[in-house]
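Below is query-v4.txt, which holds compact mmCIF, C-alpha atoms and all ligand atoms.
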```
# COMPACT_ATOMS: atom_id res chain seq x y z
CA MET W 1 -106.53 -3.71 62.32
CA LYS W 2 -103.76 -2.27 64.48
CA PHE W 3 -100.25 -3.63 64.92
CA ALA W 4 -97.28 -2.97 67.16
CA ILE W 5 -93.63 -3.88 66.86
CA PHE W 6 -91.66 -5.13 69.86
CA THR W 7 -87.93 -5.50 69.29
CA LYS W 8 -84.91 -7.18 70.79
CA ILE W 9 -82.94 -4.83 73.04
CA ASP W 10 -79.38 -6.10 72.60
CA LYS W 11 -79.25 -6.17 68.79
CA ASP W 12 -80.18 -3.65 66.12
CA VAL W 13 -83.13 -5.05 64.16
CA SER W 14 -84.21 -1.76 62.58
CA ASP W 15 -83.84 -3.20 59.06
CA VAL W 16 -86.31 -5.98 59.95
CA GLU W 17 -88.59 -3.44 61.63
CA LYS W 18 -88.67 -1.46 58.38
CA LEU W 19 -89.68 -4.57 56.40
CA VAL W 20 -92.52 -5.36 58.82
CA LYS W 21 -93.80 -1.77 58.67
CA GLU W 22 -93.72 -1.79 54.86
CA ALA W 23 -95.61 -5.08 54.65
CA CYS W 24 -98.19 -3.92 57.22
CA THR W 25 -98.78 -0.68 55.30
CA LYS W 26 -99.20 -2.67 52.09
CA TYR W 27 -101.89 -4.83 53.73
CA GLY W 28 -103.69 -1.87 55.37
CA LEU W 29 -102.65 -2.37 59.00
CA SER W 30 -102.06 0.75 61.09
CA LEU W 31 -99.34 1.20 63.70
CA ASP W 32 -100.53 1.55 67.30
CA ASN W 33 -97.98 0.49 69.88
CA ASP W 34 -100.32 1.21 72.84
CA ASN W 35 -103.42 -0.63 71.73
CA PRO W 36 -102.53 -3.21 69.10
CA ASP W 37 -104.46 -6.25 67.92
CA PHE W 38 -101.23 -7.89 66.73
CA VAL W 39 -97.71 -7.54 68.09
CA PHE W 40 -94.83 -8.45 65.79
CA VAL W 41 -92.02 -9.63 68.04
CA LEU W 42 -88.59 -9.26 66.43
CA GLY W 43 -85.95 -11.25 68.31
CA GLY W 44 -85.90 -14.59 70.11
CA ASP W 45 -87.58 -16.21 73.10
CA GLY W 46 -86.24 -13.65 75.56
CA THR W 47 -87.80 -10.88 73.45
CA PHE W 48 -91.03 -12.88 73.24
CA LEU W 49 -91.19 -13.14 77.05
CA ARG W 50 -90.57 -9.39 77.39
CA ALA W 51 -93.30 -8.64 74.83
CA VAL W 52 -95.84 -10.77 76.72
CA HIS W 53 -95.04 -9.02 80.01
CA HIS W 54 -95.20 -5.61 78.31
CA TYR W 55 -98.76 -6.27 77.08
CA LEU W 56 -99.87 -8.38 80.08
CA ASP W 57 -102.90 -6.22 80.88
CA LYS W 58 -104.11 -6.54 77.26
CA ASN W 59 -103.60 -10.32 77.06
CA GLU W 60 -107.07 -11.12 75.69
CA GLN W 61 -106.93 -8.56 72.90
CA VAL W 62 -103.36 -8.96 71.72
CA LYS W 63 -101.97 -11.73 69.51
CA PHE W 64 -98.21 -12.23 69.22
CA ILE W 65 -96.39 -13.10 65.98
CA GLY W 66 -92.70 -13.84 66.19
CA ILE W 67 -90.20 -13.00 63.47
CA ARG W 68 -87.00 -14.76 64.47
CA CYS W 69 -83.90 -12.55 64.35
CA GLY W 70 -80.93 -14.68 65.40
CA THR W 71 -80.92 -16.53 68.79
CA LEU W 72 -82.78 -19.75 69.49
CA GLY W 73 -86.34 -18.50 69.03
CA PHE W 74 -88.10 -21.72 69.99
CA PHE W 75 -91.51 -19.98 69.93
CA TYR W 76 -90.99 -18.73 66.39
CA GLN W 77 -92.36 -20.09 63.15
CA PHE W 78 -91.45 -17.15 60.92
CA GLU W 79 -88.02 -15.97 59.78
CA VAL W 80 -87.12 -12.58 58.28
CA GLY W 81 -87.79 -14.01 54.79
CA ASP W 82 -91.38 -14.88 55.84
CA ILE W 83 -92.49 -11.36 56.84
CA GLU W 84 -94.82 -10.83 53.89
CA LYS W 85 -96.41 -14.27 54.43
CA ALA W 86 -96.90 -13.57 58.18
CA VAL W 87 -98.48 -10.16 57.56
CA GLU W 88 -100.74 -11.61 54.89
CA LEU W 89 -101.99 -14.34 57.29
CA VAL W 90 -102.90 -11.63 59.79
CA ALA W 91 -104.48 -9.26 57.26
CA LYS W 92 -106.57 -12.05 55.70
CA ASN W 93 -107.50 -13.54 59.06
CA ASN W 94 -106.11 -16.86 57.85
CA TYR W 95 -104.07 -17.99 60.86
CA PHE W 96 -104.19 -20.43 63.76
CA ASP W 97 -104.59 -18.72 67.14
CA GLU W 98 -102.70 -20.88 69.65
CA SER W 99 -103.67 -19.89 73.16
CA HIS W 100 -101.76 -20.78 76.31
CA ARG W 101 -102.58 -20.34 79.95
CA LEU W 102 -100.12 -18.27 81.94
CA ILE W 103 -98.82 -19.50 85.28
CA GLU W 104 -100.20 -17.54 88.22
CA CYS W 105 -98.24 -17.27 91.43
CA LYS W 106 -99.28 -15.66 94.70
CA LEU W 107 -96.69 -14.76 97.28
CA GLY W 108 -97.73 -12.60 100.17
CA ASN W 109 -99.94 -9.92 98.67
CA GLN W 110 -98.34 -9.92 95.24
CA THR W 111 -99.56 -11.91 92.24
CA ILE W 112 -97.17 -12.56 89.38
CA TYR W 113 -97.70 -14.18 85.99
CA SER W 114 -95.28 -16.10 83.83
CA VAL W 115 -95.13 -17.75 80.42
CA ASN W 116 -92.28 -20.24 80.95
CA GLU W 117 -91.96 -20.96 84.62
CA ILE W 118 -91.78 -19.78 88.20
CA ARG W 119 -88.65 -20.99 89.93
CA PHE W 120 -87.19 -20.49 93.36
CA GLU W 121 -83.76 -21.42 94.55
CA ASN W 122 -81.68 -20.96 97.68
CA PRO W 123 -78.09 -20.32 96.54
CA PHE W 124 -76.74 -20.26 100.14
CA HIS W 125 -78.24 -23.19 102.07
CA THR W 126 -80.34 -26.29 101.49
CA LEU W 127 -83.87 -25.21 100.72
CA VAL W 128 -86.34 -27.04 102.93
CA CYS W 129 -89.80 -26.75 101.59
CA ASN W 130 -93.12 -28.46 102.12
CA VAL W 131 -95.06 -29.21 98.94
CA LYS W 132 -98.84 -29.63 98.79
CA LEU W 133 -100.97 -30.45 95.75
CA ASP W 134 -104.58 -29.26 96.06
CA GLY W 135 -104.13 -29.01 99.82
CA ARG W 136 -102.75 -32.55 100.23
CA GLU W 137 -99.20 -32.96 101.44
CA LEU W 138 -96.85 -34.54 98.87
CA GLU W 139 -93.39 -34.16 100.41
CA THR W 140 -90.83 -32.14 102.22
CA PHE W 141 -88.27 -31.19 99.61
CA HIS W 142 -84.56 -30.72 100.40
CA GLY W 143 -82.32 -29.35 97.67
CA ASN W 144 -81.49 -26.23 95.69
CA GLY W 145 -84.94 -25.35 94.49
CA LEU W 146 -88.07 -26.15 92.56
CA LEU W 147 -89.76 -24.87 89.45
CA VAL W 148 -93.23 -25.03 87.97
CA CYS W 149 -93.37 -24.66 84.20
CA SER W 150 -96.07 -24.56 81.57
CA GLU W 151 -96.04 -26.57 78.34
CA LEU W 152 -94.37 -23.56 76.70
CA GLY W 153 -91.68 -23.37 79.37
CA SER W 154 -90.98 -27.10 79.33
CA THR W 155 -88.11 -26.59 76.84
CA ALA W 156 -86.48 -23.79 78.87
CA TYR W 157 -84.96 -24.12 82.37
CA ASN W 158 -87.13 -27.20 83.01
CA LYS W 159 -85.35 -29.09 80.22
CA SER W 160 -81.91 -28.16 81.58
CA VAL W 161 -82.75 -29.76 84.94
CA GLY W 162 -84.14 -32.97 83.47
CA GLY W 163 -87.84 -32.18 83.13
CA ALA W 164 -89.84 -33.57 80.21
CA VAL W 165 -90.56 -31.66 77.03
CA ILE W 166 -94.33 -31.19 76.77
CA SER W 167 -96.28 -30.91 73.53
CA HIS W 168 -97.70 -27.42 73.02
CA ASN W 169 -101.22 -28.72 72.49
CA LEU W 170 -101.46 -29.85 76.13
CA ASP W 171 -102.61 -27.51 78.88
CA LEU W 172 -100.75 -28.44 82.06
CA LEU W 173 -98.18 -27.68 84.73
CA GLN W 174 -94.96 -29.54 85.44
CA LEU W 175 -93.28 -29.49 88.85
CA THR W 176 -89.54 -30.16 88.58
CA GLU W 177 -86.86 -30.44 91.26
CA ILE W 178 -83.55 -28.57 91.04
CA SER W 179 -80.60 -30.49 92.55
CA THR W 180 -82.62 -32.52 95.00
CA ILE W 181 -81.02 -34.34 97.93
CA GLN W 182 -82.06 -38.01 97.99
CA ASN W 183 -80.69 -40.08 100.86
CA ASN W 184 -81.92 -42.14 103.78
CA ILE W 185 -82.68 -38.98 105.73
CA TYR W 186 -84.13 -36.78 102.99
CA ARG W 187 -86.43 -38.13 100.33
CA SER W 188 -88.75 -36.47 97.84
CA LEU W 189 -90.37 -37.66 94.62
CA GLY W 190 -87.08 -37.32 92.72
CA SER W 191 -88.67 -36.85 89.29
CA SER W 192 -90.83 -34.29 87.54
CA ILE W 193 -94.55 -34.57 87.99
CA VAL W 194 -97.02 -33.43 85.33
CA LEU W 195 -100.26 -31.97 86.70
CA LYS W 196 -103.57 -30.60 85.49
CA SER W 197 -103.27 -26.86 85.01
CA GLU W 198 -105.99 -26.26 87.64
CA THR W 199 -103.88 -27.93 90.36
CA LYS W 200 -103.04 -25.62 93.21
CA ILE W 201 -99.39 -26.20 94.20
CA THR W 202 -98.48 -24.76 97.57
CA PHE W 203 -94.90 -24.42 98.77
CA SER W 204 -94.27 -23.45 102.37
CA GLY W 205 -91.02 -22.85 104.20
CA ASP W 206 -88.43 -20.25 105.02
CA PHE W 207 -87.94 -18.33 101.80
CA SER W 208 -85.79 -15.54 103.24
CA ASN W 209 -82.64 -16.48 101.26
CA VAL W 210 -84.55 -17.61 98.24
CA VAL W 211 -84.24 -16.08 94.79
CA ILE W 212 -87.50 -16.16 92.86
CA GLY W 213 -87.35 -16.01 89.10
CA TYR W 214 -90.16 -15.96 86.58
CA ASP W 215 -89.41 -15.76 82.87
CA HIS W 216 -86.66 -13.09 82.53
CA LEU W 217 -87.77 -11.40 85.78
CA THR W 218 -87.03 -11.79 89.48
CA CYS W 219 -88.82 -10.78 92.66
CA GLN W 220 -88.33 -10.93 96.41
CA PRO W 221 -90.30 -13.18 98.77
CA ASP W 222 -90.72 -10.17 101.12
CA GLY W 223 -91.27 -12.33 104.18
CA ALA W 224 -93.84 -14.61 102.52
CA LYS W 225 -93.89 -18.11 104.05
CA GLU W 226 -96.04 -19.57 101.30
CA ILE W 227 -95.88 -19.62 97.51
CA GLU W 228 -99.04 -20.67 95.72
CA VAL W 229 -98.90 -21.62 92.05
CA THR W 230 -101.64 -22.59 89.62
CA GLY W 231 -102.63 -22.28 85.97
CA SER W 232 -104.17 -18.86 85.39
CA ASN W 233 -107.40 -17.93 83.64
CA LYS W 234 -105.26 -15.33 81.86
CA LYS W 235 -104.10 -16.62 78.49
CA ILE W 236 -101.80 -15.46 75.74
CA HIS W 237 -102.40 -15.84 72.03
CA ILE W 238 -99.77 -16.71 69.44
CA VAL W 239 -100.27 -16.52 65.67
CA TYR W 240 -99.08 -19.47 63.57
CA SER W 241 -99.99 -20.63 60.08
CA LYS W 242 -102.69 -23.31 60.00
CA ASP W 243 -100.20 -26.01 59.01
CA TYR W 244 -97.72 -25.18 61.78
CA SER W 245 -96.42 -27.86 64.14
CA SER W 246 -94.13 -27.20 67.10
CA ILE W 247 -92.39 -30.49 66.27
CA ASN W 248 -90.55 -28.62 63.48
CA ASN W 249 -89.32 -26.14 66.08
CA LEU W 250 -88.23 -28.91 68.45
CA LYS W 251 -86.12 -30.40 65.69
CA ARG W 252 -84.65 -27.06 64.58
CA SER W 253 -83.93 -25.92 68.13
CA PHE W 254 -82.61 -29.05 69.80
CA ILE W 255 -81.75 -31.79 67.35
CA LYS W 256 -80.54 -30.46 64.04
P1 LIG T 301 -81.53 -16.22 78.33
O1 LIG T 301 -80.49 -16.46 79.34
O2 LIG T 301 -81.15 -15.56 77.06
O3 LIG T 301 -82.30 -17.59 77.99
C1 LIG T 301 -81.65 -18.79 78.00
C2 LIG T 301 -81.98 -19.55 76.72
O4 LIG T 301 -83.29 -20.12 76.86
C3 LIG T 301 -82.01 -18.71 75.44
O5 LIG T 301 -81.38 -19.45 74.42
C4 LIG T 301 -83.49 -18.53 75.16
O6 LIG T 301 -83.78 -18.37 73.77
C5 LIG T 301 -84.00 -19.88 75.63
N1 LIG T 301 -85.42 -19.97 75.95
C6 LIG T 301 -86.22 -19.10 76.63
N2 LIG T 301 -87.47 -19.58 76.73
C7 LIG T 301 -87.47 -20.78 76.08
C8 LIG T 301 -88.46 -21.77 75.83
N3 LIG T 301 -89.72 -21.63 76.30
N4 LIG T 301 -88.10 -22.88 75.16
C9 LIG T 301 -86.84 -23.05 74.70
N5 LIG T 301 -85.86 -22.16 74.92
C10 LIG T 301 -86.18 -21.04 75.60
O7 LIG T 301 -82.70 -15.42 79.06
P2 LIG T 301 -84.08 -14.98 78.43
O8 LIG T 301 -83.92 -15.04 76.93
O9 LIG T 301 -84.55 -13.78 79.12
O10 LIG T 301 -85.03 -16.21 78.86
C11 LIG T 301 -85.48 -16.37 80.20
C12 LIG T 301 -85.57 -17.84 80.42
O11 LIG T 301 -84.27 -18.37 80.53
C13 LIG T 301 -86.24 -18.27 81.70
O12 LIG T 301 -87.64 -18.34 81.59
C14 LIG T 301 -85.61 -19.64 81.96
O13 LIG T 301 -86.43 -20.69 81.48
C15 LIG T 301 -84.36 -19.63 81.13
N6 LIG T 301 -83.25 -19.96 82.00
C16 LIG T 301 -82.61 -21.13 81.76
C17 LIG T 301 -81.60 -21.55 82.61
C18 LIG T 301 -80.97 -22.85 82.34
O14 LIG T 301 -81.37 -23.52 81.38
N7 LIG T 301 -80.02 -23.26 83.15
C19 LIG T 301 -81.22 -20.76 83.69
C20 LIG T 301 -81.90 -19.59 83.91
C21 LIG T 301 -82.92 -19.19 83.04
P3 LIG T 301 -83.37 -17.01 72.99
O15 LIG T 301 -81.89 -17.17 72.77
O16 LIG T 301 -84.13 -17.10 71.70
O17 LIG T 301 -83.74 -15.85 73.85
MN MN T 302 -82.31 -14.64 75.41
```
Take the structure I supplied and represent it as structure tokens, if you would.
Ligand code: NAP
Ligand code: MN
Amino acid sequence: MKFAIFTKIDKDVSDVEKLVKEACTKYGLSLDNDNPDFVFVLGGDGTFLRAVHHYLDKNEQVKFIGIRCGTLGFFYQFEVGDIEKAVELVAKNNYFDESHRLIECKLGNQTIYSVNEIRFENPFHTLVCNVKLDGRELETFHGNGLLVCSELGSTAYNKSVGGAVISHNLDLLQLTEISTIQNNIYRSLGSSIVLKSETKITFSGDFSNVVIGYDHLTCQPDGAKEIEVTGSNKKIHIVYSKDYSSINNLKRSFIK
């Protein structure tokens, strides 16, 4: 079995890295950063997102295991004190493989993937945008922007703009408005809508002043007049212990 280590960029975690390497050696795992079966992610959610994008073309082979090193780390079950336990789960094949669909977004001739969400906002003018679900018109949106998140991303930007938190054992998309205008001239749904992950969400409009963000990344609309978003067939795999529940993480991260 081969493992890789992916570390936080803005904090020195070399002491944690050393502990992971020692435990992996003890349990007979060999280091291979290019072609790993397991990737130990040392950091928080931002580091997790970067790790997924780094290994995007190996998504079916690679499983991610987070070791939380400071920061929020909502995706993380294991702390630095749990390294030996985490490595043992992997070595003894005694873990729960939680898989999640990525979000797939086509704009012009580029296709991008995201874990948390795809979001687009016009910071200069009101964004006017037509929204279709599976080819049927829903609304013409007026406001700052819109985002489509996965169950994993429901606790990120989506939560900050009033979207619902979604349980990690559901496979779906959530469309959420960002600073929508609701008056007697402009009207859109005005709340988040939760959709089957296969739903094709099509946004059309003038995206020339729009900033597109996905996870920690950004891209340009490059003249595209349409943004198409759906749940991807590409999935990521996260390693948890068999008794893990994301409810513990919800409580630790947001309540107490
Ligand atoms: P960041 O600015 O460090 O992230 C903002 C915060 O969101 C961090 O505390 C991060 O945790 C946390 N986070 C990321 N994904 C999460 C998730 N799925 N559930 C709960 N919390 C989550 O930037 P980053 O670390 O590169 O993360 C990129 C993400 O930031 C984007 O995908 C977007 O969702 C989010 N974001 C949020 C806002 C907002 O809420 N107003 C604005 C822009 C972007 P860590 O501290 O552990 O990294
Ligand atoms: Mn961060």
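Of the residues under consideration (W:Leu56, W:Val211, W:Ile247, W:Leu172), W:Ile247 shows the shortest atom-to-atom contact distance to Phe74 in chain W when counting only C-alpha atoms.
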Distance of CA of Ser245 in chain W from atom C17 of ligand LIG 301 (chain T), expressed in Å to one decimal place =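 It comes out at 24.5 Å.
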Return as an MDAnalysis selection string the residues of protein, DNA or RNA that approach ligand LIG 301 (chain T) to within 6 Å, with only C-alpha atoms and all ligand atoms taken into account.
-> chainID W and resid 44:46 71:74 116:117 152:153 155:157 160 215:216
Spatial neighbours of Lys8 in chain W, max dist 12 Å, only C-alpha atoms, sep filter under 3 positions, as a count of residues only | 26
From W:Ile178, W:Pro123, W:Ser192, W:Asn209, residue lying nearest Val165 in chain W [all atoms listed in the file] =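 Among the listed residues, the smallest separation from Val165 in chain W belongs to W:Ser192.
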Selected residue of minimal separation from Phe78 in chain W among W:Phe64, W:Ile185, W:Ile227, W:Thr126, counting all atoms listed in the file =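 Nearest to Phe78 in chain W: W:Phe64.
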Residue nearest Thr180 in chain W among W:Val161, W:Val239, W:Val148, W:Ile193 (counting all atoms listed in the file) = W:Val161
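In this comparison, which uses all atoms listed in the file, the residue of W:Glu137, W:Glu84, W:Glu60, W:Glu151 approaching Lys21 in chain W most closely is W:Glu84.
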From the set W:Gly28, W:Ile212, W:Lys63, W:Phe75, which residue has the shortest atom-to-atom contact distance to ligand MN 302 (chain T), counting all atoms listed in the file?
->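 That would be W:Phe75, the residue with the smallest distance to ligand MN 302 (chain T).
Across the model, the gap from CA of Glu22 in chain W to CA of Met1 in chain W is 14.9 Å.
CA of Gly231 in chain W sits 5.8 Å away from CA of Glu104 in chain W.
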Kindly provide, as JSON, the centre and edge lengths (Å, one decimal) of an axis-aligned box around all atoms of range 199-204 of chain W given in the file, with 8 Å on each side.
```
{"center_x": -99.1, "center_y": -25.7, "center_z": 96.4, "size_x": 25.6, "size_y": 20.5, "size_z": 28.0}
```
So which residues touch Arg187 in chain W within 10 Å, counting all atoms listed in the file, skipping near sequence neighbours fewer than 5 positions away, as a list in words?
->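 Contacts, in chain order: Glu139, Thr140, Phe141, His142, Thr180, Ile181 and Gln182 of chain W.
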Show which residues sit within 8 Å of Phe38 in chain W, as a PDB file with C-alpha atoms, in the coordinates of the input. Count all atoms listed in the file, and ignore same-chain residues fewer than 3 positions away.
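The resulting part_0.pdb:
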```
ATOM      1  CA  LYS W   2    -103.760  -2.270  64.480  1.00  0.00           C
ATOM      2  CA  PHE W   3    -100.250  -3.630  64.920  1.00  0.00           C
ATOM      3  CA  ALA W   4     -97.280  -2.970  67.160  1.00  0.00           C
ATOM      4  CA  VAL W  62    -103.360  -8.960  71.720  1.00  0.00           C
ATOM      5  CA  LYS W  63    -101.970 -11.730  69.510  1.00  0.00           C
ATOM      6  CA  PHE W  64     -98.210 -12.230  69.220  1.00  0.00           C
ATOM      7  CA  ILE W  65     -96.390 -13.100  65.980  1.00  0.00           C
TER       8      ILE W  65
END
```
Excluding Asp222 in chain W and any residue of its chain fewer than 4 positions from it, enumerate the residues within 10 Å of it, using all atoms listed in the file, and give them as a ChimeraX atom specification.
-> /W:107-110,207-208
Do you know which residues are at most 12 Å from Asp57 in chain W counting all atoms listed in the file, after dropping those on the same chain fewer than 2 positions away, and could you put them as a ChimeraX atom specification?
-> /W:34-35,51-55,59-62,113,234-236
Can you complete the atoms of range 191-215 of chain W to N, CA, C and O atoms and list them as a PDB file, keeping the file's coordinate frame?
```pdb
ATOM      1  N   SER W 191     -88.456 -37.003  90.729  1.00  0.00           N
ATOM      2  CA  SER W 191     -88.670 -36.850  89.290  1.00  0.00           C
ATOM      3  C   SER W 191     -89.675 -35.719  89.088  1.00  0.00           C
ATOM      4  O   SER W 191     -90.308 -35.269  90.046  1.00  0.00           O
ATOM      5  N   SER W 192     -89.811 -35.297  87.849  1.00  0.00           N
ATOM      6  CA  SER W 192     -90.830 -34.290  87.540  1.00  0.00           C
ATOM      7  C   SER W 192     -92.199 -34.913  87.674  1.00  0.00           C
ATOM      8  O   SER W 192     -92.368 -36.119  87.462  1.00  0.00           O
ATOM      9  N   ILE W 193     -93.167 -34.086  87.987  1.00  0.00           N
ATOM     10  CA  ILE W 193     -94.550 -34.570  87.990  1.00  0.00           C
ATOM     11  C   ILE W 193     -95.386 -33.617  87.135  1.00  0.00           C
ATOM     12  O   ILE W 193     -95.257 -32.397  87.244  1.00  0.00           O
ATOM     13  N   VAL W 194     -96.171 -34.203  86.239  1.00  0.00           N
ATOM     14  CA  VAL W 194     -97.020 -33.430  85.330  1.00  0.00           C
ATOM     15  C   VAL W 194     -98.420 -33.389  85.922  1.00  0.00           C
ATOM     16  O   VAL W 194     -98.954 -34.418  86.331  1.00  0.00           O
ATOM     17  N   LEU W 195     -98.993 -32.186  85.991  1.00  0.00           N
ATOM     18  CA  LEU W 195    -100.260 -31.970  86.700  1.00  0.00           C
ATOM     19  C   LEU W 195    -101.266 -31.231  85.840  1.00  0.00           C
ATOM     20  O   LEU W 195    -100.880 -30.455  84.950  1.00  0.00           O
ATOM     21  N   LYS W 196    -102.534 -31.413  86.134  1.00  0.00           N
ATOM     22  CA  LYS W 196    -103.570 -30.600  85.490  1.00  0.00           C
ATOM     23  C   LYS W 196    -103.297 -29.134  85.775  1.00  0.00           C
ATOM     24  O   LYS W 196    -102.856 -28.788  86.875  1.00  0.00           O
ATOM     25  N   SER W 197    -103.604 -28.283  84.814  1.00  0.00           N
ATOM     26  CA  SER W 197    -103.270 -26.860  85.010  1.00  0.00           C
ATOM     27  C   SER W 197    -104.064 -26.227  86.154  1.00  0.00           C
ATOM     28  O   SER W 197    -103.657 -25.215  86.700  1.00  0.00           O
ATOM     29  N   GLU W 198    -105.193 -26.830  86.541  1.00  0.00           N
ATOM     30  CA  GLU W 198    -105.990 -26.260  87.640  1.00  0.00           C
ATOM     31  C   GLU W 198    -105.404 -26.603  89.011  1.00  0.00           C
ATOM     32  O   GLU W 198    -105.860 -26.083  90.025  1.00  0.00           O
ATOM     33  N   THR W 199    -104.433 -27.519  89.069  1.00  0.00           N
ATOM     34  CA  THR W 199    -103.880 -27.930  90.360  1.00  0.00           C
ATOM     35  C   THR W 199    -103.304 -26.739  91.101  1.00  0.00           C
ATOM     36  O   THR W 199    -102.607 -25.902  90.519  1.00  0.00           O
ATOM     37  N   LYS W 200    -103.624 -26.674  92.388  1.00  0.00           N
ATOM     38  CA  LYS W 200    -103.040 -25.620  93.210  1.00  0.00           C
ATOM     39  C   LYS W 200    -101.818 -26.209  93.924  1.00  0.00           C
ATOM     40  O   LYS W 200    -101.954 -27.143  94.714  1.00  0.00           O
ATOM     41  N   ILE W 201    -100.626 -25.690  93.595  1.00  0.00           N
ATOM     42  CA  ILE W 201     -99.390 -26.200  94.200  1.00  0.00           C
ATOM     43  C   ILE W 201     -98.966 -25.182  95.256  1.00  0.00           C
ATOM     44  O   ILE W 201     -98.795 -24.001  94.954  1.00  0.00           O
ATOM     45  N   THR W 202     -98.839 -25.671  96.484  1.00  0.00           N
ATOM     46  CA  THR W 202     -98.480 -24.760  97.570  1.00  0.00           C
ATOM     47  C   THR W 202     -97.123 -25.156  98.148  1.00  0.00           C
ATOM     48  O   THR W 202     -96.914 -26.314  98.524  1.00  0.00           O
ATOM     49  N   PHE W 203     -96.231 -24.204  98.189  1.00  0.00           N
ATOM     50  CA  PHE W 203     -94.900 -24.420  98.770  1.00  0.00           C
ATOM     51  C   PHE W 203     -94.865 -23.611 100.060  1.00  0.00           C
ATOM     52  O   PHE W 203     -95.217 -22.431 100.068  1.00  0.00           O
ATOM     53  N   SER W 204     -94.421 -24.249 101.156  1.00  0.00           N
ATOM     54  CA  SER W 204     -94.270 -23.450 102.370  1.00  0.00           C
ATOM     55  C   SER W 204     -92.915 -23.735 103.004  1.00  0.00           C
ATOM     56  O   SER W 204     -92.383 -24.854 102.906  1.00  0.00           O
ATOM     57  N   GLY W 205     -92.347 -22.719 103.601  1.00  0.00           N
ATOM     58  CA  GLY W 205     -91.020 -22.850 104.200  1.00  0.00           C
ATOM     59  C   GLY W 205     -90.434 -21.487 104.486  1.00  0.00           C
ATOM     60  O   GLY W 205     -91.137 -20.471 104.451  1.00  0.00           O
ATOM     61  N   ASP W 206     -89.142 -21.508 104.763  1.00  0.00           N
ATOM     62  CA  ASP W 206     -88.430 -20.250 105.020  1.00  0.00           C
ATOM     63  C   ASP W 206     -87.816 -19.797 103.697  1.00  0.00           C
ATOM     64  O   ASP W 206     -86.852 -20.392 103.225  1.00  0.00           O
ATOM     65  N   PHE W 207     -88.387 -18.771 103.120  1.00  0.00           N
ATOM     66  CA  PHE W 207     -87.940 -18.330 101.800  1.00  0.00           C
ATOM     67  C   PHE W 207     -87.034 -17.096 101.877  1.00  0.00           C
ATOM     68  O   PHE W 207     -86.820 -16.428 100.866  1.00  0.00           O
ATOM     69  N   SER W 208     -86.509 -16.817 103.095  1.00  0.00           N
ATOM     70  CA  SER W 208     -85.790 -15.540 103.240  1.00  0.00           C
ATOM     71  C   SER W 208     -84.519 -15.436 102.377  1.00  0.00           C
ATOM     72  O   SER W 208     -84.172 -14.361 101.932  1.00  0.00           O
ATOM     73  N   ASN W 209     -83.830 -16.556 102.121  1.00  0.00           N
ATOM     74  CA  ASN W 209     -82.640 -16.480 101.260  1.00  0.00           C
ATOM     75  C   ASN W 209     -82.904 -16.945  99.839  1.00  0.00           C
ATOM     76  O   ASN W 209     -81.985 -17.246  99.088  1.00  0.00           O
ATOM     77  N   VAL W 210     -84.179 -17.022  99.514  1.00  0.00           N
ATOM     78  CA  VAL W 210     -84.550 -17.610  98.240  1.00  0.00           C
ATOM     79  C   VAL W 210     -84.607 -16.554  97.138  1.00  0.00           C
ATOM     80  O   VAL W 210     -85.030 -15.427  97.364  1.00  0.00           O
ATOM     81  N   VAL W 211     -84.123 -16.944  95.955  1.00  0.00           N
ATOM     82  CA  VAL W 211     -84.240 -16.080  94.790  1.00  0.00           C
ATOM     83  C   VAL W 211     -85.404 -16.611  93.951  1.00  0.00           C
ATOM     84  O   VAL W 211     -85.430 -17.789  93.607  1.00  0.00           O
ATOM     85  N   ILE W 212     -86.346 -15.746  93.663  1.00  0.00           N
ATOM     86  CA  ILE W 212     -87.500 -16.160  92.860  1.00  0.00           C
ATOM     87  C   ILE W 212     -87.340 -15.590  91.459  1.00  0.00           C
ATOM     88  O   ILE W 212     -87.093 -14.395  91.275  1.00  0.00           O
ATOM     89  N   GLY W 213     -87.443 -16.464  90.484  1.00  0.00           N
ATOM     90  CA  GLY W 213     -87.350 -16.010  89.100  1.00  0.00           C
ATOM     91  C   GLY W 213     -88.607 -16.425  88.351  1.00  0.00           C
ATOM     92  O   GLY W 213     -89.186 -17.481  88.644  1.00  0.00           O
ATOM     93  N   TYR W 214     -89.027 -15.589  87.453  1.00  0.00           N
ATOM     94  CA  TYR W 214     -90.160 -15.960  86.580  1.00  0.00           C
ATOM     95  C   TYR W 214     -89.886 -15.334  85.224  1.00  0.00           C
ATOM     96  O   TYR W 214     -89.652 -14.152  85.102  1.00  0.00           O
ATOM     97  N   ASP W 215     -89.839 -16.181  84.204  1.00  0.00           N
ATOM     98  CA  ASP W 215     -89.410 -15.760  82.870  1.00  0.00           C
ATOM     99  C   ASP W 215     -88.074 -15.024  83.000  1.00  0.00           C
ATOM    100  O   ASP W 215     -87.172 -15.527  83.645  1.00  0.00           O
TER     101      ASP W 215
END
```
